[in-house]
Amino acid sequence: MRVIWIVMDSVGIGKAPDAEDFGDRGSDTLKSCYETGKLDIPNMRKLGIFNIAGMDYGEKESSPKGNYARMRERSAGKDTTIGHWEMAGVISAQAFPTYPEGFPKEILDVFREKTKKGILCNRPYSGTEVIKKYGRQHEETGDLIVYTSADSVFQIAAHEDVVPIDKLYEYCKIARELLRGKHAVARVIARPFKGAYPDYVRTKNRHDFSLIPPKDTILDMLQAQGKEVIGVGKIYDIFAGKGIGETKANQGNDRNMDMTIKLCEKKFDGLCFVNLVDFDMVYGHRRDADGYANALNAFDRKLGKLMGTLEKDDVLIITADHGCDPGYRGTDHTRETVPMLCYGEGLKQGQDLGVKDTYADIAATIAELFHINYTGDGESFYQQIRL
């Protein structure tokens with residue numbers, strides 16, 4: 001049996017009951033894409049995305065092929081790590097630390113000592129703007145550009161001709177070891193770039209150094225039962241490799257989908273877990289609604305090809321980890337509910353699963369599909385979709 005689980009990174013659908021607590025009242029990522037007039041996602045529409053409870057836009061499908069739900073996040077955050085951990089069965093009651101005023105001296109002094117490098121910036125910043133502002137100084141001095149965002153991240157930007165990739169990763173590992181305890185940020189991120197001032201561009205050599213989940217996830221439970229767990233894109237990074245067997249590094253949405261299609265053309269027994277980060281990284285944070293809509297259209301076309309490779313017993317799950325509304329103020333993630341679409345020839349079709357109280361219901365359902373004794377958070381909805 002195979003489960004293909006795709007996370008459309010940041011494709012929220014608004015209406016989170018606690019959005020106001022996060023300063024995100026009224027945010028709705030998919031609706032902003034729809035309102036561009038460019039959105040064309042026939043395969044997701046046929047699966048039932050516009051039939052989800054509370055959707056007030058898009059064409060509903062009269063006979064959806066998939067089962068569908070709106071999912072709320074229970075964890076105290078709205079970032080990639082906390083969202084993925086929750087859907088894998090670990091609800092985080094406390095948010096990861098953030099640094100709106102920059103990182104404290106006690107951390108940076110040790111970081112300077114261990115890396116023998118100076119530090120530029122140390123403030124929340126847009127990733128494209130920070131290299132534009134500090135890139136030339138970085139090239140002249142060799143100092144590292146250290147910055148954060150509204151998320152729990154310690155990011156290090158460096159020009160690949162100034163700091164080789166392996167060396168940048170080494171500096172990130174040093175930061176990861178320092179950022180423990182009360183300063184345990186969710187991710188330390190290598191942000192390499194190339195080019196000449198002022199036309200710097202970030203490269204695909206980004207790498208995330210995440211915390212290890214505090215307890216076993218559905219990935220560990222599958223491995224314990226001898227099932228294959230294949231990560232595509234950022235999955236390995238998000239879980240710090242825990243519970244992942246084979247991994248395919250992130251190469252952008254299109255190539256990640258191509259890799260997933262190739263994997264599904266082969267035989268395996270277990271889970272293929274896919275993250276598509278371009279929605280968030282390339283379009284959401286840059287508040288590019290047209291680009292976001294076009295990226296969803298491109299994904300939907302690849303989805304059609306993927307569905308053509310599915311076998312009778314395969315189960316396809318499509319969801320998201322948070323919002324990043326390209327029509328909203330600021331440049332940060334938005335607290336939203338997310339869609340969940342579930343399809344398989346061996347399942348019922350067109351079941352409205354309503355509103356789920358936690359993303360972790362996905363992990364519980366996957367466990368029941370594989371007849372695994374599940375010990376994580378969430379409740380299975382398998383009985384609602386089984387034939």
# chains A, B, ... in the order shown; residues from 1 in each chain; ligands from 1

$ residues_around --residues "region 57-73 of chain A" --least-positions-apart "4" --cutoff "7 Å" --atoms "only C-alpha atoms" --output "PyMOL selection string"
chain A and resi 16+45-53+337-343+349-359

$ write_last_selection --atoms "N, CA and C atoms" --output "short mmCIF file (atom, residue, chain, number, x, y, z; two decimals), in the first residue's frame"
data_model
loop_
_atom_site.label_atom_id
_atom_site.label_comp_id
_atom_site.auth_asym_id
_atom_site.auth_seq_id
_atom_site.Cartn_x
_atom_site.Cartn_y
_atom_site.Cartn_z
N ALA A 16 -9.56 30.92 10.37
CA ALA A 16 -9.05 30.34 11.61
C ALA A 16 -9.76 31.02 12.79
N ARG A 45 -10.39 21.11 -7.99
CA ARG A 45 -11.83 21.38 -7.94
C ARG A 45 -12.61 20.07 -8.01
N LYS A 46 -12.20 19.16 -8.89
CA LYS A 46 -12.88 17.86 -9.01
C LYS A 46 -12.74 17.04 -7.73
N LEU A 47 -11.62 17.23 -7.03
CA LEU A 47 -11.44 16.51 -5.75
C LEU A 47 -12.31 17.12 -4.65
N GLY A 48 -12.76 18.37 -4.83
CA GLY A 48 -13.69 18.96 -3.87
C GLY A 48 -13.17 20.15 -3.08
N ILE A 49 -12.11 20.82 -3.56
CA ILE A 49 -11.55 21.89 -2.75
C ILE A 49 -12.54 23.03 -2.51
N PHE A 50 -13.38 23.34 -3.49
CA PHE A 50 -14.33 24.43 -3.30
C PHE A 50 -15.62 23.97 -2.61
N ASN A 51 -15.71 22.65 -2.33
CA ASN A 51 -16.85 22.12 -1.58
C ASN A 51 -16.60 22.12 -0.08
N ILE A 52 -15.40 22.47 0.33
CA ILE A 52 -15.06 22.47 1.76
C ILE A 52 -15.97 23.43 2.52
N ALA A 53 -16.35 23.03 3.71
CA ALA A 53 -17.26 23.84 4.54
C ALA A 53 -16.74 25.27 4.68
N THR A 337 -6.99 28.31 8.63
CA THR A 337 -7.27 26.89 8.48
C THR A 337 -6.69 26.45 7.13
N VAL A 338 -6.62 25.14 6.92
CA VAL A 338 -6.05 24.62 5.67
C VAL A 338 -6.98 23.60 5.05
N PRO A 339 -6.88 23.39 3.74
CA PRO A 339 -7.70 22.36 3.09
C PRO A 339 -7.12 20.98 3.31
N MET A 340 -7.97 19.97 3.24
CA MET A 340 -7.52 18.58 3.23
C MET A 340 -8.37 17.84 2.20
N LEU A 341 -7.69 17.29 1.21
CA LEU A 341 -8.33 16.48 0.18
C LEU A 341 -7.77 15.07 0.26
N CYS A 342 -8.63 14.09 0.20
CA CYS A 342 -8.20 12.69 0.32
C CYS A 342 -8.89 11.88 -0.77
N TYR A 343 -8.09 11.19 -1.56
CA TYR A 343 -8.64 10.45 -2.72
C TYR A 343 -7.98 9.09 -2.84
N GLN A 349 -16.12 8.33 -2.13
CA GLN A 349 -15.90 9.60 -2.80
C GLN A 349 -16.93 10.62 -2.33
N GLY A 350 -16.52 11.88 -2.33
CA GLY A 350 -17.46 12.96 -2.07
C GLY A 350 -17.92 13.11 -0.65
N GLN A 351 -17.15 12.59 0.31
CA GLN A 351 -17.54 12.73 1.71
C GLN A 351 -17.10 14.08 2.27
N ASP A 352 -18.08 14.85 2.79
CA ASP A 352 -17.77 16.11 3.45
C ASP A 352 -17.41 15.80 4.89
N LEU A 353 -16.13 15.93 5.22
CA LEU A 353 -15.65 15.57 6.54
C LEU A 353 -15.72 16.73 7.53
N GLY A 354 -16.28 17.85 7.07
CA GLY A 354 -16.52 18.98 7.96
C GLY A 354 -15.26 19.72 8.36
N VAL A 355 -15.21 20.14 9.61
CA VAL A 355 -14.08 20.90 10.15
C VAL A 355 -13.37 20.04 11.19
N LYS A 356 -12.11 19.78 10.98
CA LYS A 356 -11.32 18.98 11.91
C LYS A 356 -10.57 19.90 12.87
N ASP A 357 -10.50 19.49 14.13
CA ASP A 357 -9.94 20.35 15.18
C ASP A 357 -8.42 20.36 15.24
N THR A 358 -7.78 19.49 14.49
CA THR A 358 -6.31 19.47 14.46
C THR A 358 -5.82 18.82 13.18
N TYR A 359 -4.67 19.33 12.69
CA TYR A 359 -4.01 18.70 11.55
C TYR A 359 -3.63 17.25 11.86
#

$ closest_atom_pairs --of "region 300-356 of chain A" --to "region 238-256 of chain A" --cutoff "12 Å" --atoms "only C-alpha atoms" --output "CSV"
residue,atom,partner,partner_atom,distance
A:Asp300,CA,A:Asp254,CA,10.5
A:Arg301,CA,A:Asp254,CA,10.0
A:Lys302,CA,A:Asp254,CA,7.7
A:Leu303,CA,A:Asp254,CA,10.4
A:Lys305,CA,A:Asp254,CA,11.9
A:Leu306,CA,A:Asn256,CA,11.6
A:Asp321,CA,A:Ile238,CA,11.7

$ select_by_dssp --residues "region 242-306 of chain A" --states "helix (DSSP H, G or I)" --output "VMD selection string"
chain A and resid 253 to 264 278 to 284 289 to 306

$ closest_residue --among "A:Gly346, A:Met8, A:Asp290, A:Lys182" --to "Gly83 (chain A)" --atoms "only C-alpha atoms"
A:Met8

$ closest_residue --among "A:Thr375, A:Asn275, A:Ser126, A:Gln223" --to "Tyr236 (chain A)" --atoms "only C-alpha atoms"
A:Asn275

$ select_by_dssp --residues "region 99-272 of chain A" --states "strand (DSSP E or B)" --output "ChimeraX atom specification"
/A:119-124,144-148,153-159,187-194,201-202,207-210,228-232,246-248,270-272

$ closest_residue --among "A:His322, A:His371, A:Arg2, A:Arg386" --to "Gln225 (chain A)" --atoms "only C-alpha atoms"
A:His371

$ residues_around --residues "Lys38 (chain A)" --least-positions-apart "2" --cutoff "9 Å" --atoms "only C-alpha atoms" --output "CSV table (one decimal) with N, CA, C and O atoms, in the first residue's frame"
chain,number,residue,atom,x,y,z
A,33,CYS,N,-5.7,34.4,-4.1
A,33,CYS,CA,-5.3,33.8,-5.4
A,33,CYS,C,-6.5,33.8,-6.4
A,33,CYS,O,-6.4,34.1,-7.5
A,34,TYR,N,-7.6,33.4,-5.8
A,34,TYR,CA,-8.8,33.3,-6.6
A,34,TYR,C,-9.2,34.7,-7.2
A,34,TYR,O,-9.6,34.8,-8.3
A,35,GLU,N,-9.1,35.7,-6.3
A,35,GLU,CA,-9.5,37.0,-6.7
A,35,GLU,C,-8.6,37.7,-7.8
A,35,GLU,O,-8.9,38.7,-8.3
A,36,THR,N,-7.5,37.0,-8.1
A,36,THR,CA,-6.6,37.5,-9.2
A,36,THR,C,-7.3,37.3,-10.6
A,36,THR,O,-7.0,37.9,-11.6
A,40,ASP,N,-6.8,28.6,-11.9
A,40,ASP,CA,-7.4,27.5,-12.8
A,40,ASP,C,-6.9,26.2,-12.3
A,40,ASP,O,-5.9,25.7,-12.7
A,290,ASP,N,-0.5,37.1,-8.2
A,290,ASP,CA,-0.6,36.5,-9.5
A,290,ASP,C,0.4,35.3,-9.7
A,290,ASP,O,0.0,34.3,-10.2
A,293,ALA,N,-1.1,32.4,-7.8
A,293,ALA,CA,-2.1,31.7,-8.5
A,293,ALA,C,-1.6,30.9,-9.7
A,293,ALA,O,-2.0,29.7,-9.9
A,294,ASN,N,-0.6,31.4,-10.4
A,294,ASN,CA,0.0,30.6,-11.5
A,294,ASN,C,0.7,29.4,-11.0
A,294,ASN,O,0.7,28.4,-11.7
A,297,ASN,N,-1.8,26.8,-10.4
A,297,ASN,CA,-2.2,26.2,-11.7
A,297,ASN,C,-1.2,25.2,-12.2
A,297,ASN,O,-1.6,24.1,-12.7

$ atom_distance --atom1 "CA of Pro198 (chain A)" --atom2 "CA of Gly330 (chain A)"
23.1 Å

$ residues_around --residues "region 277-289 of chain A" --least-positions-apart "2" --cutoff "8 Å" --atoms "only C-alpha atoms" --output "JSON, numbers by chain"
{"A": [8, 9, 10, 11, 32, 33, 36, 233, 234, 252, 253, 275, 291, 292, 293, 295, 296, 324, 325, 326, 327, 328, 331, 332, 333]}

$ write_last_selection --atoms "C-alpha atoms" --output "compact mmCIF listing (two decimals), in the first residue's frame"
# COMPACT_ATOMS: atom_id res chain seq x y z
CA MET A 8 1.11 22.81 -0.45
CA ASP A 9 3.27 24.98 1.77
CA SER A 10 1.23 28.00 2.98
CA VAL A 11 -1.98 27.39 0.98
CA SER A 32 -6.51 36.10 -2.62
CA CYS A 33 -5.28 33.82 -5.41
CA THR A 36 -6.64 37.54 -9.22
CA GLY A 233 11.58 18.60 -0.80
CA LYS A 234 12.01 20.08 2.68
CA GLY A 252 11.30 23.70 -6.46
CA ASN A 253 7.65 22.81 -6.95
CA ASN A 275 6.59 19.56 0.56
CA GLY A 291 2.56 34.42 -9.22
CA TYR A 292 0.98 32.39 -6.43
CA ALA A 293 -2.14 31.70 -8.53
CA ALA A 295 2.04 28.35 -9.26
CA LEU A 296 -1.17 26.69 -8.05
CA CYS A 324 0.87 33.17 3.74
CA ASP A 325 -1.80 35.38 2.19
CA PRO A 326 -0.35 37.29 -0.79
CA GLY A 327 -3.18 39.82 -0.51
CA TYR A 328 -2.59 40.56 3.18
CA THR A 331 5.23 39.69 4.47
CA ASP A 332 4.78 37.00 7.12
CA HIS A 333 2.78 33.80 7.54

$ atom_distance --atom1 "CA of Tyr147 (chain A)" --atom2 "CA of Asp24 (chain A)"
22.9 Å

$ decode --residues "region 163-280 of chain A" --atoms "C-alpha atoms" --output "PDB file, in the first residue's frame"
ATOM      1  CA  VAL A 163      31.469  31.743   1.975  1.00  0.00           C
ATOM      2  CA  PRO A 164      31.454  28.293   0.303  1.00  0.00           C
ATOM      3  CA  ILE A 165      28.276  26.294   0.808  1.00  0.00           C
ATOM      4  CA  ASP A 166      29.904  23.696   3.060  1.00  0.00           C
ATOM      5  CA  LYS A 167      31.290  26.458   5.268  1.00  0.00           C
ATOM      6  CA  LEU A 168      27.885  28.178   5.473  1.00  0.00           C
ATOM      7  CA  TYR A 169      26.323  24.888   6.545  1.00  0.00           C
ATOM      8  CA  GLU A 170      29.045  24.502   9.166  1.00  0.00           C
ATOM      9  CA  TYR A 171      28.184  27.936  10.592  1.00  0.00           C
ATOM     10  CA  CYS A 172      24.504  26.947  10.659  1.00  0.00           C
ATOM     11  CA  LYS A 173      25.335  23.789  12.600  1.00  0.00           C
ATOM     12  CA  ILE A 174      27.209  25.919  15.137  1.00  0.00           C
ATOM     13  CA  ALA A 175      24.139  28.153  15.513  1.00  0.00           C
ATOM     14  CA  ARG A 176      21.890  25.107  15.822  1.00  0.00           C
ATOM     15  CA  GLU A 177      23.967  23.809  18.736  1.00  0.00           C
ATOM     16  CA  LEU A 178      23.836  27.212  20.454  1.00  0.00           C
ATOM     17  CA  LEU A 179      20.105  27.708  20.051  1.00  0.00           C
ATOM     18  CA  ARG A 180      18.816  25.317  22.689  1.00  0.00           C
ATOM     19  CA  GLY A 181      16.674  25.640  25.798  1.00  0.00           C
ATOM     20  CA  LYS A 182      14.832  28.954  25.960  1.00  0.00           C
ATOM     21  CA  HIS A 183      16.440  29.983  22.657  1.00  0.00           C
ATOM     22  CA  ALA A 184      15.457  26.803  20.786  1.00  0.00           C
ATOM     23  CA  VAL A 185      14.264  28.351  17.527  1.00  0.00           C
ATOM     24  CA  ALA A 186      12.394  26.065  15.173  1.00  0.00           C
ATOM     25  CA  ARG A 187      14.885  26.403  12.334  1.00  0.00           C
ATOM     26  CA  VAL A 188      18.353  27.650  11.536  1.00  0.00           C
ATOM     27  CA  ILE A 189      18.387  28.382   7.812  1.00  0.00           C
ATOM     28  CA  ALA A 190      21.296  28.708   5.399  1.00  0.00           C
ATOM     29  CA  ARG A 191      20.399  31.404   2.828  1.00  0.00           C
ATOM     30  CA  PRO A 192      23.128  31.439   0.145  1.00  0.00           C
ATOM     31  CA  PHE A 193      23.018  33.936  -2.713  1.00  0.00           C
ATOM     32  CA  LYS A 194      25.011  34.823  -5.830  1.00  0.00           C
ATOM     33  CA  GLY A 195      25.405  37.671  -8.308  1.00  0.00           C
ATOM     34  CA  ALA A 196      26.717  41.215  -8.157  1.00  0.00           C
ATOM     35  CA  TYR A 197      25.358  44.197  -6.247  1.00  0.00           C
ATOM     36  CA  PRO A 198      22.542  45.219  -6.452  1.00  0.00           C
ATOM     37  CA  ASP A 199      21.245  42.242  -8.452  1.00  0.00           C
ATOM     38  CA  TYR A 200      21.831  39.468  -5.949  1.00  0.00           C
ATOM     39  CA  VAL A 201      19.693  36.317  -6.245  1.00  0.00           C
ATOM     40  CA  ARG A 202      19.151  33.581  -3.694  1.00  0.00           C
ATOM     41  CA  THR A 203      20.189  30.115  -4.832  1.00  0.00           C
ATOM     42  CA  LYS A 204      18.579  26.697  -4.468  1.00  0.00           C
ATOM     43  CA  ASN A 205      21.261  25.691  -1.923  1.00  0.00           C
ATOM     44  CA  ARG A 206      19.114  26.788   1.008  1.00  0.00           C
ATOM     45  CA  HIS A 207      19.190  24.267   3.831  1.00  0.00           C
ATOM     46  CA  ASP A 208      17.121  24.135   7.023  1.00  0.00           C
ATOM     47  CA  PHE A 209      18.517  22.821  10.296  1.00  0.00           C
ATOM     48  CA  SER A 210      15.426  22.040  12.363  1.00  0.00           C
ATOM     49  CA  LEU A 211      14.849  20.891  15.886  1.00  0.00           C
ATOM     50  CA  ILE A 212      14.181  17.195  16.324  1.00  0.00           C
ATOM     51  CA  PRO A 213      10.498  16.490  17.096  1.00  0.00           C
ATOM     52  CA  PRO A 214      10.028  15.944  20.848  1.00  0.00           C
ATOM     53  CA  LYS A 215       8.359  12.568  20.374  1.00  0.00           C
ATOM     54  CA  ASP A 216       7.782   9.985  17.664  1.00  0.00           C
ATOM     55  CA  THR A 217       5.679  11.011  14.685  1.00  0.00           C
ATOM     56  CA  ILE A 218       3.737   8.890  12.223  1.00  0.00           C
ATOM     57  CA  LEU A 219       6.985   8.737  10.217  1.00  0.00           C
ATOM     58  CA  ASP A 220       8.774   6.886  13.029  1.00  0.00           C
ATOM     59  CA  MET A 221       5.787   4.595  13.538  1.00  0.00           C
ATOM     60  CA  LEU A 222       5.717   3.657   9.866  1.00  0.00           C
ATOM     61  CA  GLN A 223       9.436   2.905   9.877  1.00  0.00           C
ATOM     62  CA  ALA A 224       9.036   0.775  13.007  1.00  0.00           C
ATOM     63  CA  GLN A 225       6.563  -1.357  11.048  1.00  0.00           C
ATOM     64  CA  GLY A 226       9.024  -1.812   8.201  1.00  0.00           C
ATOM     65  CA  LYS A 227       7.321   0.679   5.856  1.00  0.00           C
ATOM     66  CA  GLU A 228       9.249   2.933   3.519  1.00  0.00           C
ATOM     67  CA  VAL A 229       9.177   6.661   4.304  1.00  0.00           C
ATOM     68  CA  ILE A 230      10.319   8.844   1.416  1.00  0.00           C
ATOM     69  CA  GLY A 231      10.668  12.601   1.855  1.00  0.00           C
ATOM     70  CA  VAL A 232      10.544  14.962  -1.126  1.00  0.00           C
ATOM     71  CA  GLY A 233      11.578  18.601  -0.803  1.00  0.00           C
ATOM     72  CA  LYS A 234      12.013  20.080   2.677  1.00  0.00           C
ATOM     73  CA  ILE A 235      10.559  17.093   4.553  1.00  0.00           C
ATOM     74  CA  TYR A 236      13.960  15.763   5.664  1.00  0.00           C
ATOM     75  CA  ASP A 237      14.952  19.197   6.959  1.00  0.00           C
ATOM     76  CA  ILE A 238      11.662  19.835   8.762  1.00  0.00           C
ATOM     77  CA  PHE A 239      11.960  16.616  10.771  1.00  0.00           C
ATOM     78  CA  ALA A 240      15.764  16.792  11.108  1.00  0.00           C
ATOM     79  CA  GLY A 241      15.869  13.449   9.305  1.00  0.00           C
ATOM     80  CA  LYS A 242      13.922  11.665  12.065  1.00  0.00           C
ATOM     81  CA  GLY A 243      11.669   8.994  10.616  1.00  0.00           C
ATOM     82  CA  ILE A 244      12.858   9.556   7.037  1.00  0.00           C
ATOM     83  CA  GLY A 245      14.446   6.772   5.024  1.00  0.00           C
ATOM     84  CA  GLU A 246      15.004   7.946   1.459  1.00  0.00           C
ATOM     85  CA  THR A 247      15.083  11.679   0.711  1.00  0.00           C
ATOM     86  CA  LYS A 248      14.904  13.794  -2.429  1.00  0.00           C
ATOM     87  CA  ALA A 249      16.245  17.317  -1.870  1.00  0.00           C
ATOM     88  CA  ASN A 250      14.115  20.356  -2.625  1.00  0.00           C
ATOM     89  CA  GLN A 251      14.384  21.503  -6.251  1.00  0.00           C
ATOM     90  CA  GLY A 252      11.298  23.704  -6.463  1.00  0.00           C
ATOM     91  CA  ASN A 253       7.652  22.807  -6.946  1.00  0.00           C
ATOM     92  CA  ASP A 254       7.815  21.569 -10.537  1.00  0.00           C
ATOM     93  CA  ARG A 255      10.819  19.301 -10.100  1.00  0.00           C
ATOM     94  CA  ASN A 256       9.569  18.060  -6.726  1.00  0.00           C
ATOM     95  CA  MET A 257       6.331  17.019  -8.419  1.00  0.00           C
ATOM     96  CA  ASP A 258       8.290  15.383 -11.245  1.00  0.00           C
ATOM     97  CA  MET A 259      10.271  13.403  -8.659  1.00  0.00           C
ATOM     98  CA  THR A 260       7.018  12.378  -6.949  1.00  0.00           C
ATOM     99  CA  ILE A 261       5.530  11.192 -10.243  1.00  0.00           C
ATOM    100  CA  LYS A 262       8.663   9.125 -10.952  1.00  0.00           C
ATOM    101  CA  LEU A 263       8.508   7.593  -7.482  1.00  0.00           C
ATOM    102  CA  CYS A 264       4.870   6.636  -8.032  1.00  0.00           C
ATOM    103  CA  GLU A 265       5.747   4.950 -11.294  1.00  0.00           C
ATOM    104  CA  LYS A 266       7.794   2.505  -9.196  1.00  0.00           C
ATOM    105  CA  LYS A 267       6.735   0.065  -6.502  1.00  0.00           C
ATOM    106  CA  PHE A 268       7.139   0.908  -2.820  1.00  0.00           C
ATOM    107  CA  ASP A 269       5.277   0.061   0.361  1.00  0.00           C
ATOM    108  CA  GLY A 270       4.730   3.026   2.629  1.00  0.00           C
ATOM    109  CA  LEU A 271       4.623   6.812   2.523  1.00  0.00           C
ATOM    110  CA  CYS A 272       5.835   9.446   0.071  1.00  0.00           C
ATOM    111  CA  PHE A 273       5.700  12.778   1.924  1.00  0.00           C
ATOM    112  CA  VAL A 274       6.104  15.876  -0.260  1.00  0.00           C
ATOM    113  CA  ASN A 275       6.586  19.564   0.561  1.00  0.00           C
ATOM    114  CA  LEU A 276       6.088  22.236  -2.113  1.00  0.00           C
ATOM    115  CA  VAL A 277       7.767  25.303  -0.638  1.00  0.00           C
ATOM    116  CA  ASP A 278       7.638  27.670  -3.621  1.00  0.00           C
ATOM    117  CA  PHE A 279       4.089  28.748  -2.767  1.00  0.00           C
ATOM    118  CA  ASP A 280       5.393  30.162   0.501  1.00  0.00           C
TER     119      ASP A 280
END
